[in-house]
Number of protein chains: 4
Amino acid sequence: MIRVGILGASGFTGARLVYYLSRHPEAEIVFATSRQNKGKAISELYGNLRGLCDVKFIDPDDADTRSIDLLFTCAPDQTSMKVVPDYYENGISVIDLAGDYRMDTAESYEQWYGQPHTSPDYIKKAVFGLTELYREKIRKTKFVSNPGCYPTSVILGLAPLLKEGIIDCSSIHVNSVSGISGAGRDLKLFKLFYEADSNVMPYKFGRTHKHVGEIEQELSKIAGETCMVTFAPHVVPMKTGIVSTILVNMAKKVSREDIDNLYKNAYDNEFFVRYYPDKLPESKYVADTNFCDIGIYLVEEAEKVIVVSTICNLGKGASGQAVQNMNVMFGFDEKEGLL
Amino acid sequence: MIRVGILGASGFTGARLVYYLSRHPEAEIVFATSRQNKGKAISELYGNLRGLCDVKFIDPDDADTRSIDLLFTCAPDQTSMKVVPDYYENGISVIDLAGDYRMDTAESYEQWYGQPHTSPDYIKKAVFGLTELYREKIRKTKFVSNPGCYPTSVILGLAPLLKEGIIDCSSIHVNSVSGISGAGRDLKLFKLFYEADSNVMPYKFGRTHKHVGEIEQELSKIAGETCMVTFAPHVVPMKTGIVSTILVNMAKKVSREDIDNLYKNAYDNEFFVRYYPDKLPESKYVADTNFCDIGIYLVEEAEKVIVVSTICNLGKGASGQAVQNMNVMFGFDEKEGLL
Amino acid sequence: MIRVGILGASGFTGARLVYYLSRHPEAEIVFATSRQNKGKAISELYGNLRGLCDVKFIDPDDADTRSIDLLFTCAPDQTSMKVVPDYYENGISVIDLAGDYRMDTAESYEQWYGQPHTSPDYIKKAVFGLTELYREKIRKTKFVSNPGCYPTSVILGLAPLLKEGIIDCSSIHVNSVSGISGAGRDLKLFKLFYEADSNVMPYKFGRTHKHVGEIEQELSKIAGETCMVTFAPHVVPMKTGIVSTILVNMAKKVSREDIDNLYKNAYDNEFFVRYYPDKLPESKYVADTNFCDIGIYLVEEAEKVIVVSTICNLGKGASGQAVQNMNVMFGFDEKEGLL
Amino acid sequence: MIRVGILGASGFTGARLVYYLSRHPEAEIVFATSRQNKGKAISELYGNLRGLCDVKFIDPDDADTRSIDLLFTCAPDQTSMKVVPDYYENGISVIDLAGDYRMDTAESYEQWYGQPHTSPDYIKKAVFGLTELYREKIRKTKFVSNPGCYPTSVILGLAPLLKEGIIDCSSIHVNSVSGISGAGRDLKLFKLFYEADSNVMPYKFGRTHKHVGEIEQELSKIAGETCMVTFAPHVVPMKTGIVSTILVNMAKKVSREDIDNLYKNAYDNEFFVRYYPDKLPESKYVADTNFCDIGIYLVEEAEKVIVVSTICNLGKGASGQAVQNMNVMFGFDEKEGLL
């Protein structure tokens, strides 16, 4: 049984994390912080947790930071970079769900997040927590930077093609739709049911979206060359779920059979990635789960491939993958708490 | 062509009103106020109005209050009671969409709204704007207090029964569902798509809901005796729409045929009230319209009647009825702007 | 490990049952039948099950009816009454999710279902599977008739009041809303997204709904006197979920404190019933779970009580309660498979 | 006043057409056919029309085909090609909402629709009814083939760029989302609320979608060279609405200002096309209207342009544009019936 703390537990990713952990036989929540909701039980905010989890929010300043084996940080950007070093130096494992340690350098962080990084020395210590790609590194580290939701869908969707050098790395176009929880729980007009229902809204196209930096950085590492991405995300009327529909030009000709073999080899032993040789996946198949479902449409006449990759943004795109990483780090069954 | 001003035009009822008026051949919007959005075009907030209406919000303090023939007030409670008297005294017609002048006395206002009334002398000047019931009074007045949304659905649903003394006035139980726009556009957590989608939420049961006072007052007037109402409203995942399902005990035995005749007599000449002798109406039939659809389920073995009355809360429940009242007051075709 | 068969597994309740059982450590699905889908994997119909459950539908005629310890029947009405006796006589436990054995007599079955009962001798052998009320009987039986969804919400909601003789049994009015899965998966126009979205539809009011018979029968047993129910169910735009808002007249005066104590005593030891002393529950709290959440609004001035009882119609209202009953019958932890 | 007939009026486009025509001062519906629903009033299927339109469906065989000035055909594919010639030869104007006459040759029809064309001589007589592009031809013809929904969004979105030769015609990638009414009203499982809610479903990617032929044909005509399109359409949980997000490579460098001027010049005099220089449009702005809203995201670093074009699939994408075309053909105000 490990002892776990959660910083910033009152948002959507925090609540989902509490839900997974409440079902995990090897983890115990020691504290969950929320400055705004301190004193309240989490089930007051998320009624579904009533009877399942009686955690009360405490003020982050009141957290006994030495009492835990593992810290999850779900706080807003620019929080982790301030608090993580202290935990790290005290030998406490950290899984950071924010974006603070996702970029490889302080410069690229500043470029994409528009803020200077206040603990740049710790950037290199963090392992990028895309479990299926970096499992061995995750097993050995005490500090995981958990990937963003869009990046998770795109990286898992393209990795097998990139590794084989099959695609033109300058041609990657990602068209995504996301449920509205992807935009967080703070109060903004466009998130109202009245505004969001029966509506599709283009939302932060192109390089205005900080996930583009993360996507390009990680795809480039896998490809071994610079990847350029155009990005067109949209908010659709769903609570959760991401479908990334990714168009790429092929660098060499491949057949349907080649593609199928490539993805089967890549993912047949991965429980949480389901490859569809027969059809394209729908977002409801992965709703509220830690699965990533992938299907391929081959545009043979144009030598293009369209990859459809779908996840739950709060599951595999955030808290699910965080728990999966915890399971890897602590030697638990990778599915524990997630089914 | 009449000249119209709108106070508090940036909310849902204000925007719906602007939409109806933009299609009305006899009305011109001279000003629309919004302290928070002054300087913005209304189509910046409501993209559907782009190209249809180029009104820009002004600060209420900048409104030329003498330039208009008619003022609509869509501002929050306790605003109309402050500004209406001045318009009234200057001979300007007023249709108040807030609750300020709906209760018959300052005492009952204070009882239900929890605030003292600051212009009690004007309460008696206002005509309750349930068009089908008070058309002649509305035709002659310069001051209409527009009914609330739940009250409109309930009063139209029960009026024929009450007039005939058919029901036990102490037995009225109103179970309503409402789309979320009924709770307004200010930012609250429960209105987020994430919170409201796929959810039914009991919302302000019983005498905690100020509409109960309005309903009891108006039903009592029609019945000629004191009506008592239990009220169970719920928010359901729709943008707009109210369905009130009203149970009453019969004071005397009536047949299906009696009921049908009663409602047909009451409403066959009313364009905006559609009685269903054959089935129960659904809320989508009246979505975004000024119709009130009514159907009856007769529980003969228990000597009870269930009335189903459905409206669009922003249409017949607010801005639609307001325009209908404007049409009556100024002698226009009652349907003008509303189809 | 028990061996389980499912008749009629391709509908919503069948699929939910397969989902729960796939997570149950003590149950193994030996066969799942679907005449229409035989040969298909269940995950072809319900993509969420891919990788979790590889059951293939077989034709019911090909089921090895002697190979199992327990049969679940999810087939349409009038199927169980034909097949259950044979299983029963061969010592196989049965949990019937259809309505065939819910009414206490062949006469009342025929009255409410409009068909003669073809195995009336077996009616008395079935235990009504409302777990919290009849746990001891369920523990000892081999034949459970699983309650309907609306009845489950209403019976759990009213049982504490009925047992104490607090309410007027002739005054029970049930106003319910339900997600659309309650109407089943067969293709009908009103179930289309286009027809059901943004709509509230009154659906089978009063004694046209066969659940009324089940509700009255069971409430009467608990009360020890004849209960009469008026019923006003509506379909709302949700996939799952029931909220029953129940108005009753009090037969004697009770305080808020009395009510709270009554429900706490009744349900504090029941994991799957959560009583809310502080507010009224919302349907999202119980979505996809086996919980029943109950809250009370006391209308003191009118000596009435409004009970709000919410369940997931596919969870506690069907397959969840079926698995709960299986757990009781076979001595497993009652929560197994359900969290 | 012109006399109008509608073939196949019981589907979504038929009902929307009836709605628009019921508000049109210059058109009278003489007959509306539906084999399946003959004898029923259209308001029995579409309750919103109650009191607005009392048309009763007749059997198509009973239609007095000589009594009308204009025929709209909303029947399934392969119907118009059989019935239109007779109307045409009798001097009756025709607006065909099906796909039968959209392809320029019988060969391309057969290629995309998989059926031989039975009246190939009439193909050349039809004018493609994209009003903004072919208004003068439409004014002079008696036979309009109304464009498909996706094609309308794509053609209006790209026309200004294509005319100027700014884009690489082999690089066009269309990623679309559509509300579910785009798939019609016939009963299929994926259209159920239970299946479609909270879900995004890739639907008929690439050349499996017959609209691709129409899009490529029409874009090529405008560009004066062969256009190749990759197509990735998805169904999202909305009743209506299409957002096409179109990626193209630039053939020459253009600035933001160039783009804005291009689109303003193209559409500033077009009431039903609204160009957004300031932001990207959302589908709710055009819901249930005849507008097409267009915005541009310029990916300067990659020399690409992303065009976002949104319409209501039943409005500008079908029945709205059909009425707009009727208005042009008969010399009515182009907005009549559509606001």
# chains A, B, ... in the order shown; residues from 1 in each chain; ligands from 1

$ residues_around --residues "Thr245 (chain D)" --least-positions-apart "6" --cutoff "8 Å" --atoms "only C-alpha atoms" --output "PyMOL selection string"
(chain A and resi 232) or (chain D and resi 174-176+306-309)

$ calpha_fit_and_write --fixed "chain C" --moving "chain A" --output "compact mmCIF listing (two decimals) with C-alpha atoms, in the first residue's frame"
# COMPACT_ATOMS: atom_id res chain seq x y z
CA MET A 1 -16.18 -19.61 -10.00
CA ILE A 2 -19.76 -20.08 -11.23
CA ARG A 3 -20.79 -20.74 -14.79
CA VAL A 4 -23.31 -18.34 -16.20
CA GLY A 5 -25.54 -18.23 -19.26
CA ILE A 6 -27.38 -15.21 -20.63
CA LEU A 7 -30.47 -15.40 -22.80
CA GLY A 8 -31.08 -12.37 -24.98
CA ALA A 9 -27.72 -10.77 -24.40
CA SER A 10 -27.63 -8.30 -27.30
CA GLY A 11 -29.89 -5.62 -25.84
CA PHE A 12 -28.95 -2.87 -23.42
CA THR A 13 -29.51 -4.90 -20.25
CA GLY A 14 -27.68 -7.88 -21.73
CA ALA A 15 -24.67 -5.80 -22.67
CA ARG A 16 -24.55 -4.14 -19.27
CA LEU A 17 -24.77 -7.55 -17.63
CA VAL A 18 -21.88 -8.83 -19.73
CA TYR A 19 -19.88 -5.77 -18.71
CA TYR A 20 -20.45 -6.35 -14.99
CA LEU A 21 -19.76 -10.08 -15.28
CA SER A 22 -16.57 -9.48 -17.25
CA ARG A 23 -15.25 -7.68 -14.17
CA HIS A 24 -16.50 -10.28 -11.70
CA PRO A 25 -13.82 -12.63 -10.34
CA GLU A 26 -16.27 -15.39 -9.46
CA ALA A 27 -18.40 -15.65 -12.59
CA GLU A 28 -17.63 -16.97 -16.03
CA ILE A 29 -19.91 -16.43 -19.02
CA VAL A 30 -20.45 -19.79 -20.70
CA PHE A 31 -22.92 -18.62 -23.29
CA ALA A 32 -24.73 -15.48 -24.36
CA THR A 33 -27.49 -15.83 -26.90
CA SER A 34 -28.84 -13.60 -29.63
CA ARG A 35 -30.75 -15.04 -32.50
CA GLN A 36 -30.21 -11.92 -34.58
CA ASN A 37 -26.50 -11.51 -33.89
CA LYS A 38 -25.32 -15.10 -33.61
CA GLY A 39 -21.72 -15.52 -34.61
CA LYS A 40 -20.84 -11.93 -33.81
CA ALA A 41 -18.64 -10.96 -30.89
CA ILE A 42 -20.47 -8.79 -28.41
CA SER A 43 -17.75 -6.17 -28.87
CA GLU A 44 -18.90 -5.74 -32.46
CA LEU A 45 -22.14 -4.32 -31.08
CA TYR A 46 -20.66 -2.66 -28.00
CA GLY A 47 -17.19 -1.44 -28.90
CA ASN A 48 -16.40 -0.60 -25.29
CA LEU A 49 -16.15 -4.35 -24.57
CA ARG A 50 -13.34 -4.92 -27.09
CA GLY A 51 -10.44 -6.49 -25.27
CA LEU A 52 -12.50 -6.89 -22.12
CA CYS A 53 -14.87 -9.64 -23.13
CA ASP A 54 -14.65 -11.92 -26.13
CA VAL A 55 -18.03 -13.62 -25.81
CA LYS A 56 -19.63 -14.52 -29.11
CA PHE A 57 -23.38 -14.66 -29.42
CA ILE A 58 -24.85 -18.06 -30.11
CA ASP A 59 -28.31 -19.05 -31.21
CA PRO A 60 -30.47 -19.82 -28.17
CA ASP A 61 -31.19 -23.20 -29.69
CA ASP A 62 -27.49 -24.03 -29.52
CA ALA A 63 -27.08 -23.20 -25.84
CA ASP A 64 -25.91 -26.06 -23.68
CA THR A 65 -28.55 -25.51 -21.07
CA ARG A 66 -27.09 -28.02 -18.62
CA SER A 67 -23.62 -26.55 -18.49
CA ILE A 68 -24.38 -23.63 -16.23
CA ASP A 69 -24.99 -22.82 -12.59
CA LEU A 70 -26.99 -19.67 -13.25
CA LEU A 71 -29.14 -18.34 -16.06
CA PHE A 72 -29.88 -14.66 -16.62
CA THR A 73 -32.78 -13.97 -18.93
CA CYS A 74 -32.80 -10.61 -20.70
CA ALA A 75 -35.07 -11.68 -23.51
CA PRO A 76 -38.31 -9.86 -24.39
CA ASP A 77 -41.46 -10.43 -22.34
CA GLN A 78 -43.15 -13.83 -22.79
CA THR A 79 -39.84 -15.61 -23.38
CA SER A 80 -38.84 -16.44 -19.81
CA MET A 81 -42.19 -18.00 -19.00
CA LYS A 82 -41.46 -20.56 -21.67
CA VAL A 83 -37.85 -21.43 -20.91
CA VAL A 84 -37.40 -20.88 -17.19
CA PRO A 85 -39.32 -23.95 -15.92
CA ASP A 86 -36.93 -26.34 -17.63
CA TYR A 87 -33.86 -24.69 -16.12
CA TYR A 88 -35.56 -24.54 -12.77
CA GLU A 89 -36.46 -28.20 -12.80
CA ASN A 90 -32.89 -29.07 -13.61
CA GLY A 91 -31.65 -27.30 -10.54
CA ILE A 92 -30.17 -24.34 -12.36
CA SER A 93 -30.52 -20.99 -10.63
CA VAL A 94 -32.36 -18.30 -12.56
CA ILE A 95 -32.45 -14.53 -12.42
CA ASP A 96 -35.13 -13.25 -14.76
CA LEU A 97 -34.74 -9.63 -15.87
CA ALA A 98 -37.99 -9.65 -17.84
CA GLY A 99 -41.42 -8.98 -16.37
CA ASP A 100 -42.76 -12.49 -16.69
CA TYR A 101 -42.63 -13.48 -13.03
CA ARG A 102 -42.99 -10.11 -11.35
CA MET A 103 -46.74 -10.14 -10.85
CA ASP A 104 -47.99 -12.33 -8.02
CA THR A 105 -50.70 -14.13 -9.95
CA ALA A 106 -51.41 -15.25 -13.48
CA GLU A 107 -54.49 -13.04 -13.42
CA SER A 108 -52.62 -9.87 -12.55
CA TYR A 109 -49.97 -10.79 -15.10
CA GLU A 110 -52.60 -11.04 -17.79
CA GLN A 111 -54.21 -7.81 -16.64
CA TRP A 112 -51.02 -5.78 -16.95
CA TYR A 113 -49.22 -7.53 -19.78
CA GLY A 114 -52.23 -8.34 -21.93
CA GLN A 115 -51.12 -11.94 -22.46
CA PRO A 116 -51.93 -15.18 -20.70
CA HIS A 117 -49.16 -16.66 -18.56
CA THR A 118 -47.98 -20.03 -19.86
CA SER A 119 -46.22 -21.28 -16.73
CA PRO A 120 -48.39 -19.99 -13.90
CA ASP A 121 -47.23 -22.67 -11.47
CA TYR A 122 -43.81 -21.13 -11.36
CA ILE A 123 -44.95 -17.64 -10.44
CA LYS A 124 -45.07 -18.41 -6.74
CA LYS A 125 -41.59 -19.91 -6.83
CA ALA A 126 -39.99 -16.61 -7.84
CA VAL A 127 -38.64 -14.22 -5.21
CA PHE A 128 -39.03 -10.53 -6.06
CA GLY A 129 -35.43 -9.40 -6.26
CA LEU A 130 -35.44 -6.02 -4.59
CA THR A 131 -32.23 -6.85 -2.77
CA GLU A 132 -32.42 -4.44 0.14
CA LEU A 133 -35.95 -5.57 1.05
CA TYR A 134 -35.79 -9.29 0.40
CA ARG A 135 -32.16 -10.21 0.90
CA GLU A 136 -32.82 -13.22 3.09
CA LYS A 137 -35.33 -14.71 0.71
CA ILE A 138 -32.97 -14.11 -2.18
CA ARG A 139 -30.16 -15.82 -0.31
CA LYS A 140 -32.24 -18.98 -0.06
CA THR A 141 -33.90 -19.15 -3.45
CA LYS A 142 -32.81 -20.46 -6.80
CA PHE A 143 -35.23 -18.23 -8.73
CA VAL A 144 -35.27 -14.46 -8.62
CA SER A 145 -37.57 -12.22 -10.58
CA ASN A 146 -35.57 -9.04 -10.96
CA PRO A 147 -37.62 -5.84 -10.46
CA GLY A 148 -38.41 -3.29 -13.16
CA CYS A 149 -36.51 -0.02 -13.32
CA TYR A 150 -39.28 2.43 -12.34
CA PRO A 151 -40.51 0.07 -9.60
CA THR A 152 -37.03 -0.17 -8.07
CA SER A 153 -36.76 3.61 -7.80
CA VAL A 154 -40.25 3.99 -6.36
CA ILE A 155 -40.19 1.06 -3.92
CA LEU A 156 -36.82 1.99 -2.42
CA GLY A 157 -37.96 5.61 -2.24
CA LEU A 158 -41.19 4.90 -0.37
CA ALA A 159 -40.48 1.76 1.68
CA PRO A 160 -39.41 3.51 4.91
CA LEU A 161 -42.53 5.71 4.87
CA LEU A 162 -44.84 2.84 4.03
CA LYS A 163 -43.50 0.60 6.75
CA GLU A 164 -44.24 3.24 9.36
CA GLY A 165 -47.75 3.90 8.09
CA ILE A 166 -46.90 7.55 7.65
CA ILE A 167 -48.53 8.11 4.29
CA ASP A 168 -51.95 8.03 2.74
CA CYS A 169 -51.69 5.03 0.45
CA SER A 170 -54.32 6.32 -1.95
CA SER A 171 -52.41 9.51 -2.65
CA ILE A 172 -49.22 8.29 -4.31
CA HIS A 173 -48.25 10.26 -7.40
CA VAL A 174 -45.11 9.26 -9.25
CA ASN A 175 -43.64 11.68 -11.75
CA SER A 176 -40.61 10.12 -13.41
CA VAL A 177 -38.10 11.02 -16.05
CA SER A 178 -36.03 8.37 -17.76
CA GLY A 179 -33.15 8.21 -20.18
CA ILE A 180 -34.04 6.66 -23.47
CA SER A 181 -32.40 3.27 -22.95
CA GLY A 182 -35.38 2.49 -20.74
CA ALA A 183 -37.38 1.98 -23.93
CA GLY A 184 -35.04 -0.67 -25.27
CA ARG A 185 -32.85 -1.02 -28.33
CA ASP A 186 -35.33 -2.00 -31.01
CA LEU A 187 -35.63 0.56 -33.78
CA LYS A 188 -38.40 3.09 -33.31
CA LEU A 189 -38.59 6.64 -34.62
CA PHE A 190 -38.89 8.34 -31.24
CA LYS A 191 -35.58 6.84 -30.18
CA LEU A 192 -33.59 8.48 -32.97
CA PHE A 193 -31.14 11.11 -31.79
CA TYR A 194 -32.88 13.60 -34.08
CA GLU A 195 -36.21 12.98 -32.38
CA ALA A 196 -35.04 12.55 -28.79
CA ASP A 197 -32.38 15.22 -28.42
CA SER A 198 -33.50 18.52 -26.88
CA ASN A 199 -36.90 17.00 -26.17
CA VAL A 200 -39.03 15.89 -23.23
CA MET A 201 -41.73 13.39 -24.17
CA PRO A 202 -44.53 12.19 -21.89
CA TYR A 203 -44.49 8.43 -22.40
CA LYS A 204 -47.19 5.94 -21.37
CA PHE A 205 -48.97 7.78 -18.58
CA GLY A 206 -51.02 6.02 -15.98
CA ARG A 207 -52.32 2.51 -16.22
CA THR A 208 -51.15 2.16 -19.82
CA HIS A 209 -47.71 1.46 -18.30
CA LYS A 210 -47.28 -2.10 -17.07
CA HIS A 211 -44.90 -1.03 -14.32
CA VAL A 212 -47.85 0.48 -12.46
CA GLY A 213 -49.12 -2.99 -11.61
CA GLU A 214 -45.75 -3.98 -10.23
CA ILE A 215 -45.43 -0.78 -8.24
CA GLU A 216 -48.89 -1.02 -6.69
CA GLN A 217 -48.49 -4.70 -5.87
CA GLU A 218 -45.16 -4.23 -4.13
CA LEU A 219 -46.03 -1.00 -2.32
CA SER A 220 -49.22 -2.62 -1.05
CA LYS A 221 -47.29 -5.55 0.37
CA ILE A 222 -44.97 -3.25 2.25
CA ALA A 223 -47.77 -1.02 3.49
CA GLY A 224 -50.07 -3.83 4.39
CA GLU A 225 -52.89 -2.06 2.60
CA THR A 226 -53.88 -1.24 -0.96
CA CYS A 227 -51.74 1.42 -2.59
CA MET A 228 -52.98 3.38 -5.59
CA VAL A 229 -50.52 5.12 -7.85
CA THR A 230 -50.88 7.75 -10.53
CA PHE A 231 -47.91 7.59 -12.85
CA ALA A 232 -46.50 10.23 -15.19
CA PRO A 233 -43.27 9.05 -16.84
CA HIS A 234 -41.33 11.13 -19.37
CA VAL A 235 -38.40 10.40 -21.65
CA VAL A 236 -35.63 13.02 -21.41
CA PRO A 237 -32.50 13.42 -23.53
CA MET A 238 -30.12 11.16 -21.62
CA LYS A 239 -28.82 7.70 -22.46
CA THR A 240 -29.58 6.27 -19.03
CA GLY A 241 -30.96 7.32 -15.66
CA ILE A 242 -34.27 7.56 -13.85
CA VAL A 243 -35.43 10.24 -11.44
CA SER A 244 -38.72 9.47 -9.72
CA THR A 245 -40.23 12.44 -7.94
CA ILE A 246 -42.95 11.05 -5.74
CA LEU A 247 -45.63 13.10 -4.01
CA VAL A 248 -47.53 11.59 -1.09
CA ASN A 249 -49.94 12.96 1.48
CA MET A 250 -48.93 12.31 5.05
CA ALA A 251 -51.31 10.25 7.17
CA LYS A 252 -49.72 11.65 10.29
CA LYS A 253 -47.55 14.65 11.00
CA VAL A 254 -43.81 14.06 10.88
CA SER A 255 -40.87 16.40 11.27
CA ARG A 256 -37.76 16.72 9.16
CA GLU A 257 -35.87 14.97 11.92
CA ASP A 258 -38.33 12.06 11.96
CA ILE A 259 -37.91 11.61 8.25
CA ASP A 260 -34.15 11.75 8.39
CA ASN A 261 -34.03 9.18 11.17
CA LEU A 262 -36.41 6.91 9.34
CA TYR A 263 -34.33 6.83 6.17
CA LYS A 264 -31.02 6.64 7.97
CA ASN A 265 -32.23 3.66 9.96
CA ALA A 266 -33.52 2.04 6.83
CA TYR A 267 -30.47 2.54 4.66
CA ASP A 268 -27.38 3.39 6.66
CA ASN A 269 -26.21 -0.19 6.42
CA GLU A 270 -27.10 -0.52 2.78
CA PHE A 271 -24.08 0.20 0.61
CA PHE A 272 -26.09 0.72 -2.56
CA VAL A 273 -28.71 3.09 -1.15
CA ARG A 274 -27.45 6.55 -0.30
CA TYR A 275 -29.79 8.80 1.67
CA TYR A 276 -29.27 12.56 1.37
CA PRO A 277 -30.32 14.45 4.47
CA ASP A 278 -28.89 17.68 3.10
CA LYS A 279 -30.06 18.05 -0.47
CA LEU A 280 -31.82 16.33 -3.34
CA PRO A 281 -29.82 13.91 -5.46
CA GLU A 282 -29.11 14.33 -9.18
CA SER A 283 -29.18 11.54 -11.71
CA LYS A 284 -25.53 11.92 -12.72
CA TYR A 285 -24.44 10.78 -9.27
CA VAL A 286 -25.77 7.29 -10.01
CA ALA A 287 -25.12 7.12 -13.76
CA ASP A 288 -23.82 3.69 -14.76
CA THR A 289 -23.77 2.49 -11.13
CA ASN A 290 -25.79 0.23 -8.88
CA PHE A 291 -26.61 3.01 -6.42
CA CYS A 292 -30.05 4.32 -5.55
CA ASP A 293 -29.86 7.88 -4.20
CA ILE A 294 -32.76 9.25 -2.19
CA GLY A 295 -33.60 12.71 -0.89
CA ILE A 296 -36.74 14.19 0.67
CA TYR A 297 -38.49 17.52 0.36
CA LEU A 298 -40.96 18.03 3.17
CA VAL A 299 -43.95 20.24 2.34
CA GLU A 300 -44.86 20.95 5.93
CA GLU A 301 -47.60 23.48 5.28
CA ALA A 302 -49.47 21.00 3.09
CA GLU A 303 -48.63 17.86 5.08
CA LYS A 304 -47.06 16.31 2.04
CA VAL A 305 -43.74 14.73 1.31
CA ILE A 306 -41.89 14.71 -1.98
CA VAL A 307 -39.41 11.86 -2.33
CA VAL A 308 -36.74 12.04 -5.03
CA SER A 309 -35.27 8.65 -5.86
CA THR A 310 -32.74 8.21 -8.64
CA ILE A 311 -31.10 5.15 -10.17
CA CYS A 312 -29.40 4.09 -13.36
CA ASN A 313 -32.07 2.16 -15.21
CA LEU A 314 -29.50 -0.30 -16.56
CA GLY A 315 -27.68 -0.55 -13.21
CA LYS A 316 -29.78 -0.77 -10.06
CA GLY A 317 -32.82 -0.75 -12.35
CA ALA A 318 -31.79 -3.93 -14.18
CA SER A 319 -28.41 -5.60 -14.64
CA GLY A 320 -26.69 -4.09 -11.60
CA GLN A 321 -29.37 -5.35 -9.27
CA ALA A 322 -29.30 -8.70 -11.08
CA VAL A 323 -25.60 -9.07 -10.31
CA GLN A 324 -26.21 -7.88 -6.76
CA ASN A 325 -28.79 -10.65 -6.46
CA MET A 326 -26.38 -13.17 -7.93
CA ASN A 327 -23.84 -12.13 -5.31
CA VAL A 328 -26.40 -12.68 -2.58
CA MET A 329 -27.57 -16.02 -3.98
CA PHE A 330 -24.06 -17.41 -4.29
CA GLY A 331 -22.57 -15.92 -1.15
CA PHE A 332 -20.22 -13.50 -2.88
CA ASP A 333 -19.43 -10.03 -1.62
CA GLU A 334 -22.52 -8.02 -2.57
CA LYS A 335 -20.43 -5.33 -4.30
CA GLU A 336 -18.40 -7.74 -6.43
CA GLY A 337 -18.36 -6.73 -10.09
CA LEU A 338 -20.33 -3.58 -9.38
CA LEU A 339 -17.66 -1.02 -8.44

$ select_by_dssp --residues "region 79-120 of chain B" --states "alpha helix (DSSP H)" --output "list in words"
Ser80, Met81, Lys82, Val83, Val84, Pro85, Asp86, Tyr87, Tyr88, Glu89, Ala106, Glu107, Ser108, Tyr109, Glu110, Gln111, Trp112 and Tyr113 of chain B
